[in-house]
Amino acid sequence: MAATRGTPGMYWTLMVCLLLVVPVSTAEDFPALKVLRSRTPSITQEEAVELLIQRFVGSRVTEFNVSVIPDESSLLDSYQVTSDGKTITIQGTTGVAAARGFNYVLTDLFGGHISWAGNQIHLPEPGHFPVIGPGVVNVTGPQRFRYYQNVCTASYSFVWWDWDRWEQEIDWMALNGYNLPLAFNGQEAIWQRVYLKLGLTQEDLNSHFGGPAFLAWARMGNIDGWGGPLPQSWLDDDLALQKKILQRMRSFGIIPVLPGFAGHVPGGFTRVFPAAQVTRLDSWGHFSCNFSCTYLLDPMDPHFSTVGALFLKTQEEEYGHLDHIYNADTFNEQTPKSSDPEYLANVSQGVYKGMTAYDPNAIWLMQAWLFHAPFWGQQQIEALLTAVPKGNMIVLDLNAESAPVYPSTQSFYGQPFIWCMIHNFGGNHGLYGKIDAVNSGPFKAMAFEGSTMVGVGITPEGIEQNDFIYAFFNSLMFRNSMLNVSDWVRNYCRNRYGVSSDNFDAAWQLLAKTIYNSQSTNNRHNHGVPVQRPSMELAPEIWYNWKDVGRAWKYMLNSLDKCNASDLCRYDLVDISRQVLQDLSYVKYKLLILAYELRSMAALKSIGSDLLGIINDMDNITSSHSKWLLGTWIEAAKRMGTTDREKRLFGYNARNQITLWGPDGNQLDYANKQWGGLLRSYYHSRWACFYDYLLELLYEGGTYDNEVFKGFSFLVESDWTFSMDPYPTIPEGDTASISRDLYSKYKADIEGSSKEWKKLTPPEVETEDPYFYMSGGL
């Protein structure tokens, strides 16, 4: 199949892009939301977009004109693009709309690509732009808000970022049109000022704030103190970073969502205010009360408004002004003390009053994640939501692509909501998506009878994975109808690699129909065999025929010489190779368990060696690319420290989060990663321990005891988290060569059937071929 280098002309087929629609519900239906408008002068927004363009095209920024002209008659963002052949003019109603217009130029017009994994940009020669007349490219988004982030993203992905990385991310937000992101950095420094002013001590805060990698859950009242204490240097640096983040977001006309007071307080609060109504919540996430059972100030207590107002006041003093929208989640994965609707309504009113006590125009942004818990019946949900004046709360339907809440709650009982794709949990690696659900879901929500939808958004717990499905979602945000998936996929792979290839198209079309089109609602979709603690009963979710992914791998290799210069092509080759090896490890695991059950020492040794070899090979391929390295994560953590002690603390935070997640494996492997260095040192060691245990049992005639093995495994896991061993931050080996060699090595497994299974299985044993399990048979 031929591959050809893309030329600018191939992307210049223009069409009328007028996407102005009349949505079922817009911000005009909720007058309170009109306060959510940028205060940044148009000239400042124009300058911000011009500087963004310069970061992408350098000195050729002079060939672009940018103007920001607010539309006082509408709250919807829009942009227009025109060109005289020499200069491209982009006009937007906000800076972020104009930035989205520049993204249109780079991607739709010139066949470029913008993603977390990297960019592919190509501009025509100066003076050779296509001529675009007025009205040809005139795009209006159908929704008021485009929301970004999960409260957990700050810990799973952003935690070790410096300003350079944040600048890239804010550029990515603006280019894709996100105008309502969380801005959660620096809040511990704000709380320090608040609590010390109220009479608490630094010792109280040291046992309250979590470590850097666990701040998200300390903020939500799930845990106290784990991974801490936070050094003063962290507090100061994070506050300084937050000021840069807010300044840059606001410069684009983005509305940052600041934290509000949800009610979670340090234990020392009860000493300073003994009459305050404070209760202890239940333990969370298998933690003991040493690090959980946190303290909740009753929102009906008069102290609540005092604390809430002081928190907002202190943020305003530090950040210059407030943007009137605040996130607060009082019962995230926690159960209220009463299911009485009146109590829940009072709680809701109390949280809201904690905001309006200082900011009368406050809008409360709340995640709907809590409503998935059995506690929340319709009466309870309605009581919590309707206690706040209609339109003064925005609800994030956090996991709408899998389990939307709006249909069962009559569109959140009249409160505006944002349809969100969560997609990722824990920042795990693994190809995954629900492309059909994402393609249709927002438009079904808009057409829902009585819909109060005011936006769309993405809420992944971790980012920098699965660029494909996020690019697809981003392509939908300024549309009023579904995409043609096949056409979109063809453009995606062409733009991403900068070449047109039938093989690349075939690979991604296949992936889009299979692994990226899950129909499941299971949240553990990226917990493959290598990254799970071994046991006799592992059953990772497989919703696709794994050999289809193997076929996609082969398609990629067939045209690899056409795009080997593309770092994005090599990145995807790592990802697809790693995925197939992960799936093959399940086959080997099933064989390993069968060999043990049949007491076949020879088979156990052979298959165990194969399984450990696959994990090493996964490490080899991931170690070949700079964006797949454990060392990058750990070294970024250590750079945050200003002393050796801080470096050790932050290094431990980085290691513990992605493995044990707590002192005792409390959230074991929830945040697993398939990084080069981690696979070989941590996961391989754990599986080698399991293999040795099974061998010992066969030698000695013992019986498998999972509790005994858990003890062995914990020693391996815990030792690794405390280790100070360094890991490479520079890739090793050539991705293309390694991937080709691995396909050749495992070709018989990928393209053939299991002869090992038949050898192991006596005629009298009735069992299924493991390849059945890996071919969509479950």
# chains A, B, ... in the order shown; residues from 1 in each chain; ligands from 1

call {"tool": "residues_around", "arguments": {"residues": "A:Ile458", "least_positions_apart": "4", "cutoff": "9 Å", "atoms": "only C-alpha atoms", "output": "list in words"}}
result
Arg146, Tyr147, Tyr148, Gln149, Asn150, Leu398, Trp419, Cys420, Met421, Ile422, His423, Tyr470 and Phe473 of chain A

call {"tool": "select_by_dssp", "arguments": {"residues": "stretch 314-441 of chain A", "states": "alpha helix (DSSP H)", "output": "PyMOL selection string"}}
result
chain A and resi 314-319+341-356+378-386+410-413+435-441

call {"tool": "atom_distance", "arguments": {"atom1": "atom CA of A:Thr729", "atom2": "atom CA of A:Pro534"}}
result
28.4 Å

call {"tool": "closest_residue", "arguments": {"among": "A:Ser713, A:Asn65, A:Asn523, A:Gln120", "to": "A:Val499", "atoms": "only C-alpha atoms"}}
result
A:Gln120

call {"tool": "residues_around", "arguments": {"residues": "A:Gly733", "least_positions_apart": "5", "cutoff": "8 Å", "atoms": "only C-alpha atoms", "output": "number ranges by chain"}}
result
A: 623-624, 738

call {"tool": "atom_distance", "arguments": {"atom1": "atom CA of A:Leu649", "atom2": "atom CA of A:Ala636"}}
result
12.7 Å

call {"tool": "residues_around", "arguments": {"residues": "A:Ser600", "least_positions_apart": "4", "cutoff": "10 Å", "atoms": "only C-alpha atoms", "output": "list in words"}}
result
Leu592, Leu594, Ala595, Tyr596, Leu604, Lys605, Leu695, Leu698 and Leu760 of chain A

call {"tool": "residues_around", "arguments": {"residues": "A:Leu205", "least_positions_apart": "4", "cutoff": "7 Å", "atoms": "only C-alpha atoms", "output": "PDB file with N, CA, C and O atoms, in the first residue's frame"}}
result
ATOM      1  N   THR A 201      -2.475  25.690  64.165  1.00  0.00           N
ATOM      2  CA  THR A 201      -1.013  25.703  64.137  1.00  0.00           C
ATOM      3  C   THR A 201      -0.496  25.014  62.872  1.00  0.00           C
ATOM      4  O   THR A 201      -1.230  24.272  62.195  1.00  0.00           O
ATOM      5  N   PHE A 209      -2.603  18.291  55.396  1.00  0.00           N
ATOM      6  CA  PHE A 209      -2.257  18.284  53.978  1.00  0.00           C
ATOM      7  C   PHE A 209      -1.631  16.950  53.603  1.00  0.00           C
ATOM      8  O   PHE A 209      -0.769  16.429  54.316  1.00  0.00           O
ATOM      9  N   PRO A 266      -8.982  20.530  59.137  1.00  0.00           N
ATOM     10  CA  PRO A 266      -8.008  19.772  59.938  1.00  0.00           C
ATOM     11  C   PRO A 266      -8.619  19.355  61.280  1.00  0.00           C
ATOM     12  O   PRO A 266      -9.543  19.998  61.798  1.00  0.00           O
TER      13      PRO A 266
END

call {"tool": "closest_residue", "arguments": {"among": "A:Gly260, A:Pro229, A:Gly457, A:Gly426", "to": "A:Cys152", "atoms": "only C-alpha atoms"}}
result
A:Gly426

call {"tool": "atom_distance", "arguments": {"atom1": "atom CA of A:Leu322", "atom2": "atom CA of A:Ala368"}}
result
24.0 Å

call {"tool": "residues_around", "arguments": {"residues": "A:Ser38", "least_positions_apart": "2", "cutoff": "9 Å", "atoms": "only C-alpha atoms", "output": "list of chain:residue names"}}
result
A:Val35, A:Leu36, A:Thr40, A:Pro41, A:Thr94, A:Arg250, A:Ser251, A:Phe252, A:Gly253, A:Ile254, A:Ile255, A:Asp323

call {"tool": "write_last_selection", "arguments": {"atoms": "N, CA, C and O atoms", "output": "short mmCIF file (atom, residue, chain, number, x, y, z; two decimals), in the first residue's frame"}}
result
data_model
loop_
_atom_site.label_atom_id
_atom_site.label_comp_id
_atom_site.auth_asym_id
_atom_site.auth_seq_id
_atom_site.Cartn_x
_atom_site.Cartn_y
_atom_site.Cartn_z
N VAL A 35 -22.48 36.07 34.60
CA VAL A 35 -21.29 36.64 35.26
C VAL A 35 -20.03 35.93 34.82
O VAL A 35 -18.91 36.44 35.05
N LEU A 36 -20.16 34.78 34.17
CA LEU A 36 -18.98 34.02 33.77
C LEU A 36 -18.51 34.50 32.40
O LEU A 36 -18.61 33.82 31.38
N THR A 40 -10.75 40.23 30.83
CA THR A 40 -9.49 40.61 30.17
C THR A 40 -9.77 41.46 28.94
O THR A 40 -10.58 41.08 28.08
N PRO A 41 -9.13 42.62 28.81
CA PRO A 41 -9.35 43.47 27.63
C PRO A 41 -9.05 42.73 26.33
O PRO A 41 -8.18 41.86 26.27
N THR A 94 -13.56 35.71 21.67
CA THR A 94 -12.66 35.69 22.82
C THR A 94 -11.29 35.23 22.33
O THR A 94 -11.15 34.73 21.21
N ARG A 250 -6.32 33.54 32.01
CA ARG A 250 -7.16 34.73 31.86
C ARG A 250 -6.77 35.55 30.64
O ARG A 250 -7.63 36.21 30.03
N SER A 251 -5.51 35.52 30.27
CA SER A 251 -5.07 36.31 29.11
C SER A 251 -5.75 35.84 27.83
O SER A 251 -5.91 36.62 26.89
N PHE A 252 -6.16 34.57 27.77
CA PHE A 252 -6.86 34.02 26.61
C PHE A 252 -8.38 34.23 26.71
O PHE A 252 -9.12 33.85 25.79
N GLY A 253 -8.84 34.76 27.83
CA GLY A 253 -10.28 34.85 28.03
C GLY A 253 -10.86 33.58 28.63
O GLY A 253 -12.09 33.42 28.68
N ILE A 254 -10.01 32.69 29.07
CA ILE A 254 -10.45 31.47 29.75
C ILE A 254 -10.94 31.84 31.15
O ILE A 254 -10.38 32.71 31.81
N ILE A 255 -11.99 31.16 31.62
CA ILE A 255 -12.53 31.37 32.96
C ILE A 255 -12.03 30.25 33.87
O ILE A 255 -12.50 29.11 33.78
N ASP A 323 -13.24 34.85 39.65
CA ASP A 323 -13.97 34.67 38.39
C ASP A 323 -15.37 34.13 38.61
O ASP A 323 -16.04 33.73 37.65
#

call {"tool": "closest_residue", "arguments": {"among": "A:Pro231, A:Cys569, A:Ala48, A:Phe102", "to": "A:Thr642", "atoms": "only C-alpha atoms"}}
result
A:Pro231

call {"tool": "residues_around", "arguments": {"residues": "stretch 95-97 of chain A", "least_positions_apart": "5", "cutoff": "10 Å", "atoms": "only C-alpha atoms", "output": "ChimeraX atom specification"}}
result
/A:38,40-50,66-70,76-80,90,102-103,139-141,171,173-179,249-254

call {"tool": "closest_residue", "arguments": {"among": "A:Val549, A:Val347, A:Leu230, A:Met300", "to": "A:Glu646", "atoms": "only C-alpha atoms"}}
result
A:Leu230

call {"tool": "closest_residue", "arguments": {"among": "A:Pro212, A:Pro130, A:Gly225, A:Pro336", "to": "A:Thr279", "atoms": "only C-alpha atoms"}}
result
A:Pro336

call {"tool": "closest_residue", "arguments": {"among": "A:Arg490, A:Leu241, A:Thr82, A:Ile121", "to": "A:Val136", "atoms": "only C-alpha atoms"}}
result
A:Thr82

call {"tool": "select_by_dssp", "arguments": {"residues": "stretch 140-315 of chain A", "states": "strand (DSSP E or B)", "output": "list in words"}}
result
Thr140, Phe145, Arg146, Tyr147, Tyr148, Leu180, Pro181, Leu182, Val257, Leu258, Pro259, His264, Val265, Val278, Thr279, Arg280, Tyr295, Leu296 and Leu297 of chain A
